[in-house]
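One file, run-v1.csv, is given below (CSV, C-alpha atoms (C1' of nucleotides)).
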chain,number,residue,atom,x,y,z
A,564,MET,CA,98.0,81.1,125.1
A,565,ASP,CA,97.0,77.8,126.6
A,566,GLU,CA,94.4,78.0,129.4
A,567,TYR,CA,93.8,81.7,128.6
A,568,ILE,CA,91.0,82.9,130.8
A,569,ASN,CA,87.8,84.0,129.2
A,570,THR,CA,87.9,87.7,129.9
A,571,GLY,CA,84.8,88.5,127.9
A,572,ALA,CA,82.7,86.1,130.0
A,573,TYR,CA,84.0,87.7,133.1
A,574,LEU,CA,83.1,91.2,132.0
A,575,ARG,CA,79.7,90.0,131.0
A,576,LEU,CA,79.1,88.2,134.3
A,577,LEU,CA,80.1,91.2,136.4
A,578,TRP,CA,78.1,93.6,134.3
A,579,ASP,CA,75.1,91.3,134.6
A,580,GLU,CA,75.5,91.2,138.4
A,581,LEU,CA,75.6,95.0,138.6
A,582,ARG,CA,72.7,95.3,136.3
A,583,ALA,CA,70.5,92.9,138.2
A,584,ASN,CA,71.2,94.7,141.4
A,585,MET,CA,70.4,98.0,139.9
A,586,GLU,CA,67.1,96.7,138.5
A,587,ALA,CA,66.1,95.3,141.9
A,588,ALA,CA,67.1,98.3,143.8
A,589,LEU,CA,65.3,100.7,141.5
A,590,GLN,CA,62.1,98.6,141.8
A,591,GLU,CA,62.4,98.7,145.6
A,592,ARG,CA,62.6,102.4,145.6
A,593,GLY,CA,59.5,102.6,143.5
A,594,PHE,CA,61.0,103.4,140.1
A,595,GLU,CA,59.3,100.6,138.3
A,596,ASP,CA,59.4,101.9,134.8
A,597,VAL,CA,63.1,102.4,134.7
A,598,SER,CA,65.6,99.7,133.6
A,599,PRO,CA,69.4,99.6,133.6
A,600,SER,CA,69.4,100.3,129.8
A,601,HIS,CA,68.1,103.7,130.6
A,602,GLY,CA,71.1,104.3,132.8
A,603,TRP,CA,73.1,106.0,130.2
A,604,ILE,CA,70.5,108.6,129.7
A,605,PHE,CA,70.2,109.5,133.3
A,606,HIS,CA,73.9,109.6,133.7
A,607,HIS,CA,74.7,111.6,130.6
A,608,THR,CA,71.9,114.0,130.0
A,609,LYS,CA,73.4,117.4,130.6
A,610,ASP,CA,71.8,120.2,132.5
A,611,GLU,CA,72.0,122.4,129.4
A,612,GLY,CA,70.2,119.7,127.5
A,613,SER,CA,71.3,116.8,125.3
A,614,ARG,CA,70.5,115.6,121.8
A,615,ILE,CA,69.3,112.1,121.2
A,616,THR,CA,71.9,111.6,118.4
A,617,GLU,CA,74.6,112.7,120.8
A,618,LEU,CA,73.5,110.3,123.5
A,619,ALA,CA,73.2,107.5,121.0
A,620,ALA,CA,76.7,108.0,119.7
A,621,ALA,CA,78.2,108.1,123.1
A,622,ALA,CA,76.4,105.0,124.2
A,623,HIS,CA,77.3,103.2,121.0
A,624,ILE,CA,73.8,102.4,120.0
A,625,THR,CA,71.7,103.6,117.0
A,626,LYS,CA,69.7,106.7,117.3
A,627,GLN,CA,66.6,104.6,116.8
A,628,SER,CA,67.3,102.6,119.8
A,629,MET,CA,68.1,105.7,121.9
A,630,SER,CA,65.0,107.3,120.6
A,631,ALA,CA,62.9,104.3,121.9
A,632,LEU,CA,64.6,104.5,125.3
A,633,VAL,CA,64.0,108.2,125.6
A,634,ALA,CA,60.3,107.8,124.6
A,635,GLN,CA,59.8,105.3,127.4
A,636,LEU,CA,61.3,107.7,129.9
A,637,GLU,CA,59.4,110.7,128.5
A,638,GLU,CA,56.1,108.7,128.8
A,639,ALA,CA,56.9,108.0,132.4
A,640,GLY,CA,57.9,111.6,133.2
A,641,TYR,CA,61.6,111.2,133.8
A,642,VAL,CA,62.7,113.4,131.0
A,643,ARG,CA,61.2,116.1,128.8
A,644,ARG,CA,62.1,117.4,125.4
A,645,LYS,CA,62.2,121.0,124.3
A,646,PRO,CA,62.7,122.2,120.8
A,647,ASP,CA,66.2,123.3,120.2
A,648,PRO,CA,66.1,127.0,119.4
A,649,SER,CA,69.2,126.8,117.3
A,650,ASP,CA,68.0,123.9,115.1
A,651,LYS,CA,64.4,123.3,114.1
A,652,ARG,CA,65.0,119.6,113.4
A,653,ALA,CA,66.4,118.9,116.8
A,654,ALA,CA,65.1,118.6,120.3
A,655,LEU,CA,66.9,119.0,123.6
A,656,LEU,CA,66.5,116.5,126.3
A,657,PHE,CA,66.3,117.4,130.0
A,658,LEU,CA,65.8,115.4,133.2
A,659,THR,CA,62.7,116.4,135.1
A,660,ALA,CA,62.9,116.6,138.9
A,661,LYS,CA,61.7,113.0,139.0
A,662,GLY,CA,64.5,112.1,136.6
A,663,LYS,CA,67.1,113.7,138.7
A,664,LYS,CA,65.9,111.7,141.7
A,665,VAL,CA,66.5,108.5,139.7
A,666,ARG,CA,69.9,109.7,138.6
A,667,ASP,CA,70.9,110.3,142.2
A,668,ALA,CA,69.4,107.1,143.4
A,669,GLY,CA,71.3,105.2,140.7
A,670,ARG,CA,74.6,106.7,141.7
A,671,GLN,CA,74.0,105.7,145.2
A,672,ILE,CA,72.9,102.2,144.4
A,673,ASN,CA,75.9,101.7,142.2
A,674,PHE,CA,78.2,103.1,144.9
A,675,ASP,CA,76.7,100.9,147.6
A,676,PHE,CA,76.8,97.8,145.5
A,677,GLU,CA,80.4,98.2,144.5
A,678,LYS,CA,81.4,98.3,148.1
A,679,LYS,CA,80.7,94.5,148.0
A,680,TRP,CA,83.1,94.1,145.2
A,681,GLU,CA,85.5,96.2,147.0
A,682,ALA,CA,85.3,93.9,150.0
A,683,ARG,CA,85.9,90.9,147.9
A,684,ILE,CA,89.3,91.9,146.6
A,685,GLY,CA,90.3,94.8,148.8
A,686,SER,CA,89.9,98.4,148.3
A,687,ALA,CA,93.3,99.1,146.9
A,688,ASP,CA,92.9,96.4,144.3
A,689,TYR,CA,89.4,97.5,143.5
A,690,ALA,CA,90.4,101.1,143.0
A,691,LEU,CA,93.1,99.9,140.7
A,692,LEU,CA,90.7,97.7,138.8
A,693,ARG,CA,88.4,100.7,138.3
A,694,LYS,CA,91.3,102.8,137.1
A,695,LEU,CA,92.4,100.2,134.6
A,696,LEU,CA,88.9,99.8,133.2
A,697,ALA,CA,88.5,103.5,132.8
A,698,GLN,CA,91.8,103.7,131.1
A,699,LEU,CA,91.0,100.9,128.7
A,700,CYS,CA,87.7,102.5,127.8
A,701,GLU,CA,89.0,105.9,127.1
A,702,THR,CA,90.8,104.9,124.0
A,703,THR,CA,87.9,102.8,122.7
A,704,ALA,CA,86.9,103.0,119.0
A,705,GLY,CA,83.7,102.0,117.3
A,706,SER,CA,80.1,103.3,117.1
A,707,ARG,CA,76.9,102.3,115.4
A,708,SER,CA,75.0,103.9,112.5
B,396,MET,CA,81.0,109.5,146.1
B,397,ASP,CA,80.9,112.5,143.9
B,398,GLU,CA,81.9,111.9,140.3
B,399,TYR,CA,82.1,108.2,140.8
B,400,ILE,CA,82.8,106.6,137.5
B,401,ASN,CA,80.2,104.3,135.9
B,402,THR,CA,81.9,101.0,136.3
B,403,GLY,CA,78.9,99.1,134.9
B,404,ALA,CA,78.9,101.1,131.7
B,405,TYR,CA,82.6,100.4,131.2
B,406,LEU,CA,82.2,96.7,131.7
B,407,ARG,CA,79.4,96.7,129.2
B,408,LEU,CA,81.3,98.7,126.6
B,409,LEU,CA,84.3,96.5,126.8
B,410,TRP,CA,82.3,93.3,126.7
B,411,ASP,CA,80.4,94.7,123.7
B,412,GLU,CA,83.7,95.5,121.9
B,413,LEU,CA,85.0,92.0,122.5
B,414,ARG,CA,81.7,90.5,121.4
B,415,ALA,CA,81.5,92.5,118.2
B,416,ASN,CA,85.0,91.5,117.3
B,417,MET,CA,84.3,87.8,118.0
B,418,GLU,CA,81.2,87.9,115.9
B,419,ALA,CA,83.0,89.5,112.9
B,420,ALA,CA,86.0,87.2,113.2
B,421,LEU,CA,83.9,84.1,113.3
B,422,GLN,CA,82.0,85.2,110.2
B,423,GLU,CA,85.2,85.8,108.4
B,424,ARG,CA,86.4,82.3,109.1
B,425,GLY,CA,83.2,80.9,107.8
B,426,PHE,CA,81.4,80.0,111.0
B,427,GLU,CA,78.3,81.9,110.2
B,428,ASP,CA,75.8,80.1,112.4
B,429,VAL,CA,77.8,80.8,115.6
B,430,SER,CA,77.4,83.8,117.8
B,431,PRO,CA,79.2,85.0,120.9
B,432,SER,CA,76.3,83.8,123.1
B,433,HIS,CA,77.3,80.3,122.1
B,434,GLY,CA,80.8,81.0,123.5
B,435,TRP,CA,80.1,79.5,126.9
B,436,ILE,CA,79.1,76.2,125.4
B,437,PHE,CA,82.3,75.9,123.3
B,438,HIS,CA,84.4,77.0,126.2
B,439,HIS,CA,82.9,74.8,128.9
B,440,THR,CA,81.7,71.6,127.2
B,441,LYS,CA,83.9,69.0,128.7
B,442,ASP,CA,85.5,66.1,126.8
B,443,GLU,CA,83.7,63.7,129.0
B,444,GLY,CA,80.4,65.4,128.1
B,445,SER,CA,78.4,68.1,129.8
B,446,ARG,CA,74.8,68.4,130.9
B,447,ILE,CA,72.6,71.3,129.7
B,448,THR,CA,71.6,72.0,133.3
B,449,GLU,CA,75.2,72.1,134.3
B,450,LEU,CA,76.1,74.5,131.6
B,451,ALA,CA,73.1,76.7,132.2
B,452,ALA,CA,73.9,77.0,135.9
B,453,ALA,CA,77.5,77.9,135.3
B,454,ALA,CA,76.6,80.5,132.7
B,455,HIS,CA,73.9,82.0,134.9
B,456,ILE,CA,71.0,81.5,132.5
B,457,THR,CA,68.0,79.3,132.6
B,458,LYS,CA,68.1,75.8,131.3
B,459,GLN,CA,65.5,76.7,128.7
B,460,SER,CA,67.7,79.4,127.3
B,461,MET,CA,70.7,77.1,127.3
B,462,SER,CA,68.6,74.4,125.7
B,463,ALA,CA,67.8,76.8,122.8
B,464,LEU,CA,71.4,77.7,122.3
B,465,VAL,CA,72.4,74.1,122.3
B,466,ALA,CA,69.7,73.2,119.8
B,467,GLN,CA,71.0,75.8,117.4
B,468,LEU,CA,74.5,74.4,117.6
B,469,GLU,CA,73.3,70.9,117.3
B,470,GLU,CA,71.3,71.8,114.2
B,471,ALA,CA,74.4,73.3,112.6
B,472,GLY,CA,76.6,70.3,113.6
B,473,TYR,CA,78.9,71.9,116.2
B,474,VAL,CA,77.7,69.7,119.1
B,475,ARG,CA,76.0,66.4,119.5
B,476,ARG,CA,74.0,64.8,122.3
B,477,LYS,CA,74.2,61.3,123.6
B,478,PRO,CA,72.0,59.7,126.1
B,479,ASP,CA,73.6,59.7,129.5
B,480,PRO,CA,74.0,56.0,130.5
B,481,SER,CA,73.7,56.8,134.2
B,482,ASP,CA,70.5,58.8,133.9
B,483,LYS,CA,67.7,58.1,131.4
B,484,ARG,CA,66.3,61.6,131.7
B,485,ALA,CA,69.6,63.2,130.9
B,486,ALA,CA,71.7,63.8,127.8
B,487,LEU,CA,75.4,64.4,127.6
B,488,LEU,CA,76.7,67.1,125.2
B,489,PHE,CA,79.9,66.8,123.2
B,490,LEU,CA,81.7,69.0,120.7
B,491,THR,CA,82.0,67.5,117.3
B,492,ALA,CA,85.2,68.0,115.3
B,493,LYS,CA,83.7,71.0,113.7
B,494,GLY,CA,82.8,72.3,117.2
B,495,LYS,CA,86.3,71.9,118.4
B,496,LYS,CA,87.6,73.9,115.5
B,497,VAL,CA,85.3,76.8,116.6
B,498,ARG,CA,86.4,76.5,120.2
B,499,ASP,CA,90.1,76.7,119.1
B,500,ALA,CA,89.4,79.5,116.7
B,501,GLY,CA,87.5,81.4,119.4
B,502,ARG,CA,90.4,81.1,121.8
B,503,GLN,CA,92.8,82.4,119.2
B,504,ILE,CA,90.5,85.3,118.2
B,505,ASN,CA,90.1,86.3,121.8
B,506,PHE,CA,93.8,86.1,122.4
B,507,ASP,CA,94.6,88.2,119.4
B,508,PHE,CA,92.0,90.8,120.1
B,509,GLU,CA,93.1,91.2,123.7
B,510,LYS,CA,96.6,92.1,122.5
B,511,LYS,CA,95.1,95.4,121.4
B,512,TRP,CA,93.9,96.0,124.8
B,513,GLU,CA,97.2,95.0,126.2
B,514,ALA,CA,98.8,97.5,124.0
B,515,ARG,CA,96.6,100.2,125.2
B,516,ILE,CA,97.5,100.1,128.9
B,517,GLY,CA,100.6,98.0,128.9
B,518,SER,CA,101.0,94.3,129.4
B,519,ALA,CA,101.8,94.4,133.1
B,520,ASP,CA,98.7,96.4,133.8
B,521,TYR,CA,96.6,94.3,131.5
B,522,ALA,CA,97.7,91.1,133.2
B,523,LEU,CA,96.8,92.7,136.5
B,524,LEU,CA,93.4,93.7,135.2
B,525,ARG,CA,92.7,90.2,134.1
B,526,LYS,CA,93.8,88.8,137.4
B,527,LEU,CA,91.6,91.2,139.3
B,528,LEU,CA,88.6,90.4,137.1
B,529,ALA,CA,89.0,86.7,137.6
B,530,GLN,CA,89.3,87.2,141.3
B,531,LEU,CA,86.2,89.2,141.5
B,532,CYS,CA,84.3,86.7,139.5
B,533,GLU,CA,85.4,83.7,141.5
B,534,THR,CA,83.4,84.6,144.6
B,535,THR,CA,80.3,85.7,142.7
B,536,ALA,CA,76.9,84.6,143.9
B,537,GLY,CA,73.6,84.4,142.0
B,538,SER,CA,72.0,82.1,139.4
B,539,ARG,CA,68.7,81.7,137.6
B,540,SER,CA,65.9,79.1,137.9
C,1281,DT,C1',70.1,131.3,94.6
C,1282,DT,C1',68.8,127.1,93.3
C,1283,DT,C1',70.3,122.3,93.8
C,1284,DA,C1',72.4,118.5,96.1
C,1285,DT,C1',73.8,116.4,100.2
C,1286,DT,C1',74.0,115.8,105.3
C,1287,DT,C1',71.9,115.5,109.6
C,1288,DA,C1',68.1,115.0,113.5
C,1289,DG,C1',64.8,112.2,114.3
C,1290,DT,C1',60.7,109.0,113.4
C,1291,DC,C1',58.0,104.9,111.7
C,1292,DA,C1',57.7,100.1,110.7
C,1293,DG,C1',59.3,95.8,111.0
C,1294,DT,C1',62.8,92.1,112.4
C,1295,DT,C1',66.1,89.5,115.3
C,1296,DT,C1',68.6,87.8,119.4
C,1297,DA,C1',68.8,86.3,123.6
C,1298,DA,C1',66.9,86.3,127.5
C,1299,DC,C1',62.5,85.2,130.5
C,1300,DT,C1',58.1,82.5,132.8
C,1301,DG,C1',54.9,78.8,133.3
C,1302,DA,C1',53.3,74.3,132.4
C,1303,DC,C1',54.6,69.9,131.6
C,1304,DC,C1',56.7,64.8,131.1
C,1305,DA,C1',59.6,61.1,132.4
C,1306,DC,C1',62.7,59.4,135.3
C,1307,DA,C1',65.4,59.4,140.0
C,1308,DA,C1',65.8,59.7,144.8
C,1309,DA,C1',63.9,60.1,149.4
C,1310,DA,C1',60.1,59.3,152.7
D,607,DT,C1',55.2,52.7,147.2
D,608,DT,C1',54.0,57.1,147.2
D,609,DT,C1',55.9,61.7,147.2
D,610,DT,C1',59.0,65.0,146.0
D,611,DG,C1',62.9,66.6,143.2
D,612,DT,C1',65.5,66.9,138.8
D,613,DG,C1',66.8,66.9,133.6
D,614,DG,C1',64.9,68.6,129.8
D,615,DT,C1',61.2,70.2,126.4
D,616,DC,C1',57.3,73.0,124.6
D,617,DA,C1',54.8,77.2,124.1
D,618,DG,C1',54.6,81.9,124.6
D,619,DT,C1',56.4,86.6,126.1
D,620,DT,C1',59.6,90.5,126.6
D,621,DA,C1',63.6,93.8,126.3
D,622,DA,C1',66.7,95.8,123.7
D,623,DA,C1',69.0,95.9,120.2
D,624,DC,C1',69.1,96.0,114.8
D,625,DT,C1',68.1,97.6,109.4
D,626,DG,C1',65.7,100.2,105.9
D,627,DA,C1',62.9,103.7,104.3
D,628,DC,C1',61.3,108.2,105.2
D,629,DT,C1',60.6,113.7,106.4
D,630,DA,C1',62.1,118.1,107.4
D,631,DA,C1',65.5,121.1,108.2
D,632,DA,C1',70.5,122.6,107.7
D,633,DT,C1',74.5,123.0,105.2
D,634,DA,C1',77.5,122.9,101.2
D,635,DA,C1',78.1,123.2,96.2
D,636,DA,C1',76.8,124.7,91.5
The structure given in the file should be rewritten as structure tokens.
Amino acid sequence: MDEYINTGAYLRLLWDELRANMEAALQERGFEDVSPSHGWIFHHTKDEGSRITELAAAAHITKQSMSALVAQLEEAGYVRRKPDPSDKRAALLFLTAKGKKVRDAGRQINFDFEKKWEARIGSADYALLRKLLAQLCETTAGSRS
Amino acid sequence: MDEYINTGAYLRLLWDELRANMEAALQERGFEDVSPSHGWIFHHTKDEGSRITELAAAAHITKQSMSALVAQLEEAGYVRRKPDPSDKRAALLFLTAKGKKVRDAGRQINFDFEKKWEARIGSADYALLRKLLAQLCETTAGSRS
DNA sequence: TTTATTTAGTCAGTTTAACTGACCACAAAA
DNA sequence: TTTTGTGGTCAGTTAAACTGACTAAATAAA
């Protein structure tokens, strides 16, 4: 176990790098009221509509936190809620046209940025890394209240 | 580029998992005033002493932020400062005996936890993943003011 | 069918870990 | 010796999480 590298710190550093890039790139494109924390929403809101509770569970944050993020995006016109016809307590969340633009921009920004990483370690190794990360995540436990 | 997986979200999820485990395990062992954010300090404070500025730069946070983290640990007796004999502005940071216990515990906790991940994808693949992460980080740019 | 329990979501308040800007004392360079 | 840079602190702000208490509707149990 001696001299075991600090995997956590690495994960964190890389995530931070990606996040900072995303933030800057979104600003540049004029989406000033969007931050990387909203990423999950853009990426996972389904065309048929998604529930806040559902999004929260998937992102491993509380529904209160997700609620706050959604409220910010709604205020700025990236998403809208509609009452869920099948459950009067619930609302369904949809991306607006503006929201879909951000989603697509985000994908592109991510893709472009990762090319840099790909260049650092080679595309074969990078593909492998991504595959391993995905695999590791798929069997992940744990959520918040 | 279609259906490109969200690497950032994966990094984040994994880091969070590791972090949550570390937090819980440290609590269990009675180190209640230590959080994963202090990890960098425990891991990188050298036996010959380290500067706050130096630690901050390496961790990619501002010296003010590092200063605050260090103050918390000093208050709780995990580190102590001594004036740097070669520079009257500066202080050198050392781990106390208590601090070294946390460092060692932290290593062990990390090591134990990662065995679970290792089990998920196999030890060969896991070793590879760690190697690739390390490689990717080594050539990383960017720091804060 | 009335009662009890979950569930979707909000409101209010708190905490952690960052940040910026202004500053001081000393060090190093001009 | 004057200017500029550096180590570090102080004060204040922000983002993004958290907990706890709550309402209204849905579902399960009596």
Practice item. Work out how far CA of Cys532 (chain B) is from CA of Leu577 (chain A), in Å to one decimal. Key: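 Those two atoms sit 6.9 Å apart.
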Would you write out, as a Markdown table, a table of all residues in chain C that have an atom no more than 9 Å from an atom of chain A, listing for each the closest atom pair and the distance in Å to one decimal, considering all atoms listed in the file and ordering rows by chain and rising residue number?
| residue | atom | partner | partner_atom | distance |
| --- | --- | --- | --- | --- |
| C:DT1287 | C1' | A:Arg652 | CA | 8.9 |
| C:DA1288 | C1' | A:Ala653 | CA | 5.4 |
| C:DG1289 | C1' | A:Ala653 | CA | 7.3 |
| C:DT1290 | C1' | A:Gln627 | CA | 8.1 |
Contacts of Ile672 (chain A) within 12 Å, only C-alpha atoms (C1' of nucleotides), excl. fewer than 6 positions in-chain, as an mmCIF file with C-alpha atoms, in the coordinates of the input:
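Written output follows (result-v6.cif):
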data_model
loop_
_atom_site.group_PDB
_atom_site.id
_atom_site.type_symbol
_atom_site.label_atom_id
_atom_site.label_comp_id
_atom_site.auth_asym_id
_atom_site.auth_seq_id
_atom_site.Cartn_x
_atom_site.Cartn_y
_atom_site.Cartn_z
ATOM 1 C CA LEU A 581 75.600 95.000 138.600
ATOM 2 C CA ARG A 582 72.700 95.300 136.300
ATOM 3 C CA ALA A 583 70.500 92.900 138.200
ATOM 4 C CA ASN A 584 71.200 94.700 141.400
ATOM 5 C CA MET A 585 70.400 98.000 139.900
ATOM 6 C CA GLU A 586 67.100 96.700 138.500
ATOM 7 C CA ALA A 587 66.100 95.300 141.900
ATOM 8 C CA ALA A 588 67.100 98.300 143.800
ATOM 9 C CA LEU A 589 65.300 100.700 141.500
ATOM 10 C CA GLN A 590 62.100 98.600 141.800
ATOM 11 C CA GLU A 591 62.400 98.700 145.600
ATOM 12 C CA ARG A 592 62.600 102.400 145.600
ATOM 13 C CA PRO A 599 69.400 99.600 133.600
ATOM 14 C CA GLY A 602 71.100 104.300 132.800
ATOM 15 C CA VAL A 665 66.500 108.500 139.700
ATOM 16 C CA ARG A 666 69.900 109.700 138.600
ATOM 17 C CA LYS A 678 81.400 98.300 148.100
ATOM 18 C CA LYS A 679 80.700 94.500 148.000
ATOM 19 C CA MET B 396 81.000 109.500 146.100
ATOM 20 C CA TYR B 399 82.100 108.200 140.800
ATOM 21 C CA ASN B 401 80.200 104.300 135.900
ATOM 22 C CA GLY B 403 78.900 99.100 134.900
#
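Here the question is which of A:Ile604, A:Val597, A:Met629, A:Ala634 gets nearest to chain B using only C-alpha atoms, and that residue is A:Ile604.
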Can you build me a table of chain D residues sitting at most 10 Å from chain B, with the closest atom pair per residue and its distance in Å to one decimal, using all atoms listed in the file, sorted by chain and residue number, as a Markdown table?
| residue | atom | partner | partner_atom | distance |
| --- | --- | --- | --- | --- |
| D:DT612 | C1' | B:Arg484 | CA | 8.9 |
| D:DG613 | C1' | B:Ala485 | CA | 5.4 |
| D:DG614 | C1' | B:Ala485 | CA | 7.2 |
| D:DT615 | C1' | B:Gln459 | CA | 8.1 |
| D:DC616 | C1' | B:Gln459 | CA | 9.9 |
**Study point:** Surrounding residues of DT610 (chain D) excluding itself and chain neighbours under 2 positions, 12 Å, all atoms listed in the file, as a list in words
**Key:** DA1307, DA1308, DA1309 and DA1310 of chain C; DT608 and DT612 of chain D
Practice item. When you get a sec, could you note down which chain A residues fall within 9 Å of chain B, using only C-alpha atoms, as a ChimeraX atom specification? Key: /A:564-565,567-582,602-603,606,622-623,670-671,673-674,677,680-681,683-684,688-689,691-693,695-700,702-705
